[in-house]
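See below for run-v2.pdb, which holds PDB, C-alpha atoms.
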ATOM      1  CA  PRO M 767      38.268  91.170 126.089  1.00  0.00           C
ATOM      2  CA  THR M 768      39.556  94.506 127.342  1.00  0.00           C
ATOM      3  CA  ALA M 769      40.142  97.307 124.818  1.00  0.00           C
ATOM      4  CA  LEU M 770      43.516  99.121 124.902  1.00  0.00           C
ATOM      5  CA  PRO M 771      44.008 102.805 124.018  1.00  0.00           C
ATOM      6  CA  ASN M 772      44.327 103.459 120.281  1.00  0.00           C
ATOM      7  CA  ALA M 773      47.654 105.342 120.368  1.00  0.00           C
ATOM      8  CA  ILE M 774      50.633 102.967 120.260  1.00  0.00           C
ATOM      9  CA  ALA M 775      54.191 104.351 120.630  1.00  0.00           C
ATOM     10  CA  PRO M 776      56.134 104.925 117.392  1.00  0.00           C
ATOM     11  CA  PHE M 777      58.229 101.923 116.316  1.00  0.00           C
ATOM     12  CA  SER M 778      61.410 103.943 115.660  1.00  0.00           C
ATOM     13  CA  ALA M 779      62.932 107.347 116.243  1.00  0.00           C
ATOM     14  CA  ALA M 780      62.684 108.031 112.504  1.00  0.00           C
ATOM     15  CA  HIS M 781      58.905 107.842 112.742  1.00  0.00           C
ATOM     16  CA  ALA M 782      58.560 109.732 116.011  1.00  0.00           C
ATOM     17  CA  SER M 783      56.415 112.417 114.391  1.00  0.00           C
ATOM     18  CA  SER M 784      53.975 109.922 112.861  1.00  0.00           C
ATOM     19  CA  PRO M 785      52.527 107.533 115.457  1.00  0.00           C
ATOM     20  CA  VAL M 786      51.213 104.112 114.529  1.00  0.00           C
ATOM     21  CA  ASP M 787      47.498 103.607 115.240  1.00  0.00           C
ATOM     22  CA  ILE M 788      46.440 100.043 115.897  1.00  0.00           C
ATOM     23  CA  ASP M 789      43.201  98.843 117.483  1.00  0.00           C
ATOM     24  CA  VAL M 790      43.824  95.725 119.551  1.00  0.00           C
ATOM     25  CA  GLU M 791      42.011  93.434 121.907  1.00  0.00           C
ATOM     26  CA  VAL M 792      43.642  91.780 124.910  1.00  0.00           C
ATOM     27  CA  HIS M 793      42.445  88.250 125.531  1.00  0.00           C
ATOM     28  CA  ASP M 794      42.439  86.425 128.844  1.00  0.00           C
ATOM     29  CA  PHE M 795      45.957  86.047 130.287  1.00  0.00           C
ATOM     30  CA  SER M 796      44.861  84.274 133.495  1.00  0.00           C
ATOM     31  CA  SER M 797      45.349  80.837 131.926  1.00  0.00           C
ATOM     32  CA  GLY M 798      48.878  81.671 130.791  1.00  0.00           C
ATOM     33  CA  ASN M 799      47.796  81.350 127.140  1.00  0.00           C
ATOM     34  CA  GLY M 800      46.864  84.972 126.497  1.00  0.00           C
ATOM     35  CA  TYR M 801      47.561  86.912 123.324  1.00  0.00           C
ATOM     36  CA  VAL M 802      47.014  90.329 121.752  1.00  0.00           C
ATOM     37  CA  SER M 803      45.261  90.576 118.392  1.00  0.00           C
ATOM     38  CA  PRO M 804      43.520  93.195 116.241  1.00  0.00           C
ATOM     39  CA  PRO M 805      39.751  93.054 115.952  1.00  0.00           C
ATOM     40  CA  GLN M 806      38.731  90.964 112.923  1.00  0.00           C
ATOM     41  CA  ASP M 807      37.093  93.879 111.108  1.00  0.00           C
ATOM     42  CA  GLN M 808      39.990  96.336 111.593  1.00  0.00           C
ATOM     43  CA  ARG M 809      43.106  96.928 109.462  1.00  0.00           C
ATOM     44  CA  TYR M 810      46.439  98.345 110.567  1.00  0.00           C
ATOM     45  CA  THR M 811      47.170 101.947 109.627  1.00  0.00           C
ATOM     46  CA  GLN M 812      50.834 102.816 109.682  1.00  0.00           C
ATOM     47  CA  ALA M 813      53.137 105.410 108.177  1.00  0.00           C
ATOM     48  CA  GLY M 814      56.433 104.076 106.824  1.00  0.00           C
ATOM     49  CA  PRO M 815      57.600 100.543 106.077  1.00  0.00           C
ATOM     50  CA  LEU M 816      55.625  97.556 107.362  1.00  0.00           C
ATOM     51  CA  PRO M 817      57.273  95.145 109.826  1.00  0.00           C
ATOM     52  CA  ASP M 818      57.586  92.451 107.088  1.00  0.00           C
ATOM     53  CA  GLU M 819      59.419  94.940 104.871  1.00  0.00           C
ATOM     54  CA  LEU M 820      61.755  95.782 107.758  1.00  0.00           C
ATOM     55  CA  SER M 821      62.516  92.082 108.322  1.00  0.00           C
ATOM     56  CA  THR M 822      63.270  91.630 104.641  1.00  0.00           C
ATOM     57  CA  LEU M 823      65.470  94.724 104.659  1.00  0.00           C
ATOM     58  CA  ARG M 824      67.365  93.466 107.733  1.00  0.00           C
ATOM     59  CA  LEU M 825      68.046  90.107 106.036  1.00  0.00           C
ATOM     60  CA  GLU M 826      69.262  91.843 102.866  1.00  0.00           C
ATOM     61  CA  ILE M 827      71.601  94.046 104.910  1.00  0.00           C
ATOM     62  CA  GLN M 828      72.955  91.015 106.817  1.00  0.00           C
ATOM     63  CA  GLU M 829      73.633  89.153 103.552  1.00  0.00           C
ATOM     64  CA  HIS M 830      75.268  92.240 102.061  1.00  0.00           C
ATOM     65  CA  ASN M 831      77.478  92.704 105.140  1.00  0.00           C
ATOM     66  CA  ALA M 832      78.563  89.041 105.053  1.00  0.00           C
ATOM     67  CA  GLN M 833      79.519  89.339 101.372  1.00  0.00           C
ATOM     68  CA  LEU M 834      81.344  92.607 102.041  1.00  0.00           C
ATOM     69  CA  MET M 835      83.344  91.085 104.925  1.00  0.00           C
ATOM     70  CA  LYS M 836      84.381  88.144 102.714  1.00  0.00           C
ATOM     71  CA  LEU M 837      85.532  90.555 100.009  1.00  0.00           C
ATOM     72  CA  VAL M 838      87.476  92.739 102.473  1.00  0.00           C
ATOM     73  CA  THR M 839      89.107  89.670 104.061  1.00  0.00           C
ATOM     74  CA  LYS M 840      90.078  88.299 100.640  1.00  0.00           C
ATOM     75  CA  ARG M 841      91.567  91.626  99.532  1.00  0.00           C
ATOM     76  CA  LEU M 842      93.527  92.060 102.776  1.00  0.00           C
ATOM     77  CA  GLU M 843      94.925  88.539 102.458  1.00  0.00           C
ATOM     78  CA  GLN M 844      95.916  89.269  98.835  1.00  0.00           C
ATOM     79  CA  ILE M 845      97.755  92.402  99.974  1.00  0.00           C
ATOM     80  CA  ALA M 846      99.467  90.499 102.789  1.00  0.00           C
ATOM     81  CA  ASN M 847     100.419  87.691 100.374  1.00  0.00           C
ATOM     82  CA  ARG M 848     101.952  90.163  97.899  1.00  0.00           C
ATOM     83  CA  ARG M 849     103.985  91.751 100.685  1.00  0.00           C
ATOM     84  CA  ALA M 850     105.098  88.385 102.052  1.00  0.00           C
ATOM     85  CA  VAL M 851     105.977  87.038  98.595  1.00  0.00           C
ATOM     86  CA  GLY M 852     107.450  90.285  97.253  1.00  0.00           C
ATOM     87  CA  LYS M 853     109.746  91.074 100.167  1.00  0.00           C
ATOM     88  CA  PRO M 854     110.262  88.155 102.523  1.00  0.00           C
ATOM     89  CA  GLN M 855     111.291  89.483 105.921  1.00  0.00           C
ATOM     90  CA  HIS M 856     112.651  86.094 106.974  1.00  0.00           C
ATOM     91  CA  PRO M 857     113.994  83.259 104.831  1.00  0.00           C
ATOM     92  CA  VAL M 858     111.342  80.611 104.215  1.00  0.00           C
ATOM     93  CA  THR M 859     112.380  77.013 104.832  1.00  0.00           C
ATOM     94  CA  GLU M 860     110.902  74.547 102.327  1.00  0.00           C
ATOM     95  CA  VAL M 861     110.972  71.572 104.722  1.00  0.00           C
ATOM     96  CA  LEU M 862     110.527  71.555 108.510  1.00  0.00           C
ATOM     97  CA  THR M 863     111.011  68.592 110.831  1.00  0.00           C
ATOM     98  CA  VAL M 864     108.895  68.516 113.990  1.00  0.00           C
ATOM     99  CA  THR M 865     109.982  66.477 117.008  1.00  0.00           C
ATOM    100  CA  LEU M 866     107.550  66.206 119.920  1.00  0.00           C
ATOM    101  CA  PRO M 867     109.033  64.084 122.732  1.00  0.00           C
ATOM    102  CA  ASN M 868     105.979  64.746 124.935  1.00  0.00           C
ATOM    103  CA  GLY M 869     103.423  64.340 122.138  1.00  0.00           C
ATOM    104  CA  PRO M 870     101.109  64.384 120.495  1.00  0.00           C
ATOM    105  CA  ALA M 871     103.065  61.958 118.303  1.00  0.00           C
ATOM    106  CA  PHE M 872     100.712  62.289 115.317  1.00  0.00           C
ATOM    107  CA  CYS M 873     101.866  65.918 114.838  1.00  0.00           C
ATOM    108  CA  ALA M 874     105.536  64.941 114.636  1.00  0.00           C
ATOM    109  CA  GLY M 875     107.259  64.412 111.305  1.00  0.00           C
ATOM    110  CA  ARG M 876     108.347  66.142 108.141  1.00  0.00           C
ATOM    111  CA  TYR M 877     106.398  69.161 106.827  1.00  0.00           C
ATOM    112  CA  GLN M 878     106.684  70.405 103.229  1.00  0.00           C
ATOM    113  CA  ILE M 879     105.790  73.977 102.252  1.00  0.00           C
ATOM    114  CA  VAL M 880     102.501  74.345 100.328  1.00  0.00           C
ATOM    115  CA  LYS M 881     103.537  76.475  97.361  1.00  0.00           C
ATOM    116  CA  GLY M 882     101.264  79.370  96.509  1.00  0.00           C
ATOM    117  CA  ARG M 883      99.243  79.088  99.718  1.00  0.00           C
ATOM    118  CA  MET M 884      99.410  81.638 102.524  1.00  0.00           C
ATOM    119  CA  VAL M 885      97.535  81.748 105.828  1.00  0.00           C
ATOM    120  CA  HIS M 886      97.233  85.140 107.484  1.00  0.00           C
ATOM    121  CA  GLY M 887      99.979  86.374 105.165  1.00  0.00           C
ATOM    122  CA  HIS M 888     102.462  83.609 106.103  1.00  0.00           C
ATOM    123  CA  PRO M 889     103.526  80.287 104.529  1.00  0.00           C
ATOM    124  CA  LEU M 890     101.717  77.020 105.150  1.00  0.00           C
ATOM    125  CA  TRP M 891     103.402  73.610 105.575  1.00  0.00           C
ATOM    126  CA  LYS M 892     101.704  70.197 105.308  1.00  0.00           C
ATOM    127  CA  ASN M 893     102.817  66.999 107.035  1.00  0.00           C
ATOM    128  CA  THR M 894     104.068  64.563 104.379  1.00  0.00           C
ATOM    129  CA  ASP M 895     102.529  61.576 106.240  1.00  0.00           C
ATOM    130  CA  GLY M 896      99.159  62.967 107.352  1.00  0.00           C
ATOM    131  CA  ASP M 897      96.625  65.750 107.355  1.00  0.00           C
ATOM    132  CA  TYR M 898      98.418  68.116 109.721  1.00  0.00           C
ATOM    133  CA  TRP M 899      99.615  71.618 108.978  1.00  0.00           C
ATOM    134  CA  ILE M 900     101.935  74.253 110.429  1.00  0.00           C
ATOM    135  CA  PHE M 901     100.241  77.614 109.986  1.00  0.00           C
ATOM    136  CA  SER M 902     100.034  81.124 111.375  1.00  0.00           C
ATOM    137  CA  LEU M 903      97.155  81.412 113.819  1.00  0.00           C
ATOM    138  CA  SER M 904      94.939  84.492 113.707  1.00  0.00           C
ATOM    139  CA  THR M 905      96.613  85.486 116.993  1.00  0.00           C
ATOM    140  CA  GLY M 906     100.025  85.861 115.282  1.00  0.00           C
ATOM    141  CA  ARG M 907     101.486  82.642 116.705  1.00  0.00           C
ATOM    142  CA  TRP M 908     102.567  79.469 114.910  1.00  0.00           C
ATOM    143  CA  GLY M 909     100.463  76.365 115.410  1.00  0.00           C
ATOM    144  CA  ILE M 910     100.139  72.773 114.246  1.00  0.00           C
ATOM    145  CA  GLY M 911      96.576  71.801 113.445  1.00  0.00           C
ATOM    146  CA  GLY M 912      94.577  69.098 111.724  1.00  0.00           C
ATOM    147  CA  GLY M 913      91.415  68.559 109.741  1.00  0.00           C
ATOM    148  CA  THR M 914      89.260  70.852 111.888  1.00  0.00           C
ATOM    149  CA  GLU M 915      91.583  73.787 111.350  1.00  0.00           C
ATOM    150  CA  MET M 916      91.801  73.038 107.607  1.00  0.00           C
ATOM    151  CA  ALA M 917      87.979  72.836 107.352  1.00  0.00           C
ATOM    152  CA  GLU M 918      87.787  76.272 109.000  1.00  0.00           C
ATOM    153  CA  ASN M 919      90.314  77.553 106.430  1.00  0.00           C
ATOM    154  CA  PHE M 920      92.699  78.136 109.349  1.00  0.00           C
ATOM    155  CA  GLU M 921      90.465  80.958 110.650  1.00  0.00           C
ATOM    156  CA  GLY M 922      89.913  79.421 114.091  1.00  0.00           C
ATOM    157  CA  ARG M 923      92.125  79.928 117.096  1.00  0.00           C
ATOM    158  CA  GLY M 924      92.791  76.248 117.789  1.00  0.00           C
ATOM    159  CA  ALA M 925      95.821  74.021 117.256  1.00  0.00           C
ATOM    160  CA  TYR M 926      97.135  70.779 118.731  1.00  0.00           C
ATOM    161  CA  VAL M 927     100.499  72.405 119.410  1.00  0.00           C
ATOM    162  CA  PHE M 928     101.404  76.103 119.330  1.00  0.00           C
ATOM    163  CA  CYS M 929     104.273  78.459 120.047  1.00  0.00           C
ATOM    164  CA  PRO M 930     103.229  80.792 122.889  1.00  0.00           C
ATOM    165  CA  ALA M 931     105.446  83.624 121.590  1.00  0.00           C
ATOM    166  CA  PRO M 932     104.058  85.834 118.779  1.00  0.00           C
ATOM    167  CA  HIS M 933     106.138  85.225 115.637  1.00  0.00           C
ATOM    168  CA  GLY M 934     106.208  88.776 114.252  1.00  0.00           C
ATOM    169  CA  GLY M 935     106.940  87.313 110.809  1.00  0.00           C
ATOM    170  CA  ALA M 936     109.724  84.957 111.937  1.00  0.00           C
ATOM    171  CA  MET M 937     109.517  81.413 110.570  1.00  0.00           C
ATOM    172  CA  PRO M 938     108.635  78.457 112.852  1.00  0.00           C
ATOM    173  CA  SER M 939     112.237  77.184 112.799  1.00  0.00           C
ATOM    174  CA  SER M 940     113.377  80.544 114.255  1.00  0.00           C
ATOM    175  CA  MET M 941     110.973  80.448 117.177  1.00  0.00           C
ATOM    176  CA  PRO M 942     111.769  79.321 120.744  1.00  0.00           C
ATOM    177  CA  ARG M 943     112.120  75.548 120.943  1.00  0.00           C
ATOM    178  CA  VAL M 944     109.491  75.162 123.665  1.00  0.00           C
ATOM    179  CA  TRP M 945     106.004  74.974 122.198  1.00  0.00           C
ATOM    180  CA  LYS M 946     102.852  74.068 124.124  1.00  0.00           C
ATOM    181  CA  ARG M 947     100.212  71.386 123.719  1.00  0.00           C
ATOM    182  CA  ASN M 948      96.616  72.467 123.667  1.00  0.00           C
ATOM    183  CA  ASN M 949      95.067  70.429 126.482  1.00  0.00           C
ATOM    184  CA  PRO M 950      91.404  71.404 126.711  1.00  0.00           C
ATOM    185  CA  THR M 951      89.739  70.326 129.918  1.00  0.00           C
TER
END

Please go through the file and, once you have read it, give me the structure as structure tokens.
Amino acid sequence: PTALPNAIAPFSAAHASSPVDIDVEVHDFSSGNGYVSPPQDQRYTQAGPLPDELSTLRLEIQEHNAQLMKLVTKRLEQIANRRAVGKPQHPVTEVLTVTLPNGPAFCAGRYQIVKGRMVHGHPLWKNTDGDYWIFSLSTGRWGIGGGTEMAENFEGRGAYVFCPAPHGGAMPSSMPRVWKRNNPT
């Protein structure tokens, strides 16, 4: 094995004034199975947190950030729901009838409002004959989706049928009559 110099570059800018000293050996790389390892009788000397501690800290921060984002999203939706319920900008229709002459036929039918449920600050309607919903997409457009969209809590961007025009708070029955099918290729 070939010995490398003892001084290894600092692992972060925060520790730039205190270098990490590690003795290592380089093993044969000619076979493609080479590796770098410390000599058996040597220990690492390092100022600051150990790499395992940094990995643990990173995971804790990721978990904390995920919880924080859920809380912020929930609070924003509560605020949007209070505004939508407190001062409706547009009259909400309890029942909508969807006619789709060019399909998909399974999305057609009667939709009843889901009381007490809002999606992106707007009402939600459920098909009375199946598991299809009219909901506000995260893009600010109305869409008709199914089980996949429901399983994603209507957070995805997909729908079987959607209105290409942003609704700006207007109800689906007030939107242009020409909606589009989502035809993925």

Practice problem: Go through M:Ser940, M:Asn868, M:Asn948, M:Gln844 one by one, measure the shortest atom-to-atom distance of each to Gly882 (chain M) using all atoms listed in the file, and give the residue with the smallest value. | Solution: M:Gln844

Quiz item: Got a sec to resolve the PyMOL selection byres ((chain M and resi 888-900) around 9) on this structure and send the residues as an MDAnalysis selection string?
Solution: chainID M and resid 846:847 850:851 858 860:862 872:887 901:902 908:913 915:916 935 937:938

Practice problem: Would you mind telling me which residue in M:Ala917, M:Leu903, M:Leu866, M:Ala871 lies nearest to Lys946 (chain M) when using all atoms listed in the file? | Solution: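 Closest to Lys946 (chain M), using all atoms listed in the file: M:Leu866.
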
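The interatomic distance for the pair CA of Met941 (chain M) and CA of Arg841 (chain M) works out to 28.5 Å.
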
Exercise. Would you be able to write out as a count of residues only which residues have an atom within 9 Å of (90.7, 82.6, 112.4) in the file's coordinates, counting only C-alpha atoms?
Key: 12

Quiz item: Using all atoms listed in the file, which of the listed residues (M:Pro857, M:Gly906, M:Pro817, M:Pro930) sits closest to Arg947 (chain M)?
Solution: M:Pro930

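Note that the spacing between CA of Cys929 (chain M) and CA of Arg943 (chain M) amounts to 8.4 Å.
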
Practice problem: One decimal, Å: what's the distance from CA of Thr859 (chain M) over to CA of His933 (chain M), could you say? | Solution: 14.9 Å

Any chance you could work out the axis-aligned box around region 834-842 of chain M, listed atoms only, 4 Å on each side, giving centre and edge lengths in Å to one decimal, as lines of an AutoDock Vina configuration file?
center_x = 87.4
center_y = 90.4
center_z = 102.2
size_x = 20.2
size_y = 12.6
size_z = 13.4

Residue completion, region 864-900 of chain M, N, CA and C atoms, as a CSV table (one decimal), in the frame of the given file:
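Result went into result01.csv, see below:
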chain,number,residue,atom,x,y,z
M,864,VAL,N,109.5,68.3,112.7
M,864,VAL,CA,108.9,68.5,114.0
M,864,VAL,C,109.1,67.3,114.9
M,865,THR,N,109.7,67.5,116.0
M,865,THR,CA,110.0,66.5,117.0
M,865,THR,C,109.2,66.9,118.3
M,866,LEU,N,108.4,65.9,118.7
M,866,LEU,CA,107.6,66.2,119.9
M,866,LEU,C,107.7,65.1,120.9
M,867,PRO,N,108.8,65.2,121.8
M,867,PRO,CA,109.0,64.1,122.7
M,867,PRO,C,107.9,63.9,123.7
M,868,ASN,N,107.1,64.9,124.0
M,868,ASN,CA,106.0,64.7,124.9
M,868,ASN,C,104.6,64.7,124.2
M,869,GLY,N,104.7,64.5,122.9
M,869,GLY,CA,103.4,64.3,122.1
M,869,GLY,C,102.7,65.7,121.8
M,870,PRO,N,101.7,65.6,121.1
M,870,PRO,CA,101.1,64.4,120.5
M,870,PRO,C,101.9,63.9,119.3
M,871,ALA,N,102.2,62.6,119.3
M,871,ALA,CA,103.1,62.0,118.3
M,871,ALA,C,102.6,62.1,116.9
M,872,PHE,N,101.2,62.2,116.7
M,872,PHE,CA,100.7,62.3,115.3
M,872,PHE,C,101.1,63.6,114.6
M,873,CYS,N,101.5,64.6,115.4
M,873,CYS,CA,101.9,65.9,114.8
M,873,CYS,C,103.3,65.9,114.4
M,874,ALA,N,104.1,65.0,114.9
M,874,ALA,CA,105.5,64.9,114.6
M,874,ALA,C,105.8,64.5,113.2
M,875,GLY,N,106.9,64.9,112.6
M,875,GLY,CA,107.3,64.4,111.3
M,875,GLY,C,107.8,65.5,110.4
M,876,ARG,N,107.8,65.2,109.1
M,876,ARG,CA,108.3,66.1,108.1
M,876,ARG,C,107.2,66.9,107.5
M,877,TYR,N,107.4,68.3,107.4
M,877,TYR,CA,106.4,69.2,106.8
M,877,TYR,C,107.0,69.8,105.6
M,878,GLN,N,106.3,69.8,104.5
M,878,GLN,CA,106.7,70.4,103.2
M,878,GLN,C,105.9,71.7,103.0
M,879,ILE,N,106.5,72.7,102.5
M,879,ILE,CA,105.8,74.0,102.3
M,879,ILE,C,104.7,73.7,101.2
M,880,VAL,N,103.6,74.4,101.3
M,880,VAL,CA,102.5,74.3,100.3
M,880,VAL,C,102.7,75.6,99.4
M,881,LYS,N,103.2,75.4,98.2
M,881,LYS,CA,103.5,76.5,97.4
M,881,LYS,C,102.3,77.2,96.9
M,882,GLY,N,102.4,78.5,97.0
M,882,GLY,CA,101.3,79.4,96.5
M,882,GLY,C,100.1,79.5,97.5
M,883,ARG,N,100.3,79.0,98.7
M,883,ARG,CA,99.2,79.1,99.7
M,883,ARG,C,99.8,79.8,100.9
M,884,MET,N,99.0,80.9,101.3
M,884,MET,CA,99.4,81.6,102.5
M,884,MET,C,98.2,81.6,103.5
M,885,VAL,N,98.5,81.7,104.8
M,885,VAL,CA,97.5,81.7,105.8
M,885,VAL,C,97.9,82.9,106.7
M,886,HIS,N,97.0,83.9,106.7
M,886,HIS,CA,97.2,85.1,107.5
M,886,HIS,C,98.5,85.8,107.0
M,887,GLY,N,98.8,85.7,105.7
M,887,GLY,CA,100.0,86.4,105.2
M,887,GLY,C,101.3,85.6,105.4
M,888,HIS,N,101.2,84.4,105.8
M,888,HIS,CA,102.5,83.6,106.1
M,888,HIS,C,102.4,82.2,105.4
M,889,PRO,N,103.5,81.6,105.2
M,889,PRO,CA,103.5,80.3,104.5
M,889,PRO,C,102.8,79.2,105.3
M,890,LEU,N,102.4,78.2,104.6
M,890,LEU,CA,101.7,77.0,105.2
M,890,LEU,C,102.5,75.8,104.8
M,891,TRP,N,102.7,74.9,105.8
M,891,TRP,CA,103.4,73.6,105.6
M,891,TRP,C,102.4,72.5,105.9
M,892,LYS,N,102.5,71.4,105.1
M,892,LYS,CA,101.7,70.2,105.3
M,892,LYS,C,102.6,69.0,105.7
M,893,ASN,N,102.1,68.2,106.6
M,893,ASN,CA,102.8,67.0,107.0
M,893,ASN,C,102.8,66.0,105.9
M,894,THR,N,104.0,65.5,105.5
M,894,THR,CA,104.1,64.6,104.4
M,894,THR,C,103.4,63.2,104.6
M,895,ASP,N,103.1,62.9,105.9
M,895,ASP,CA,102.5,61.6,106.2
M,895,ASP,C,101.1,61.7,106.8
M,896,GLY,N,100.5,62.9,106.8
M,896,GLY,CA,99.2,63.0,107.4
M,896,GLY,C,98.6,64.3,107.1
M,897,ASP,N,97.4,64.5,107.6
M,897,ASP,CA,96.6,65.8,107.4
M,897,ASP,C,96.8,66.7,108.5
M,898,TYR,N,98.1,67.2,108.7
M,898,TYR,CA,98.4,68.1,109.7
M,898,TYR,C,99.2,69.2,109.1
M,899,TRP,N,99.0,70.4,109.6
M,899,TRP,CA,99.6,71.6,109.0
M,899,TRP,C,100.3,72.5,110.0
M,900,ILE,N,101.3,73.2,109.6
M,900,ILE,CA,101.9,74.3,110.4
M,900,ILE,C,101.5,75.5,109.8
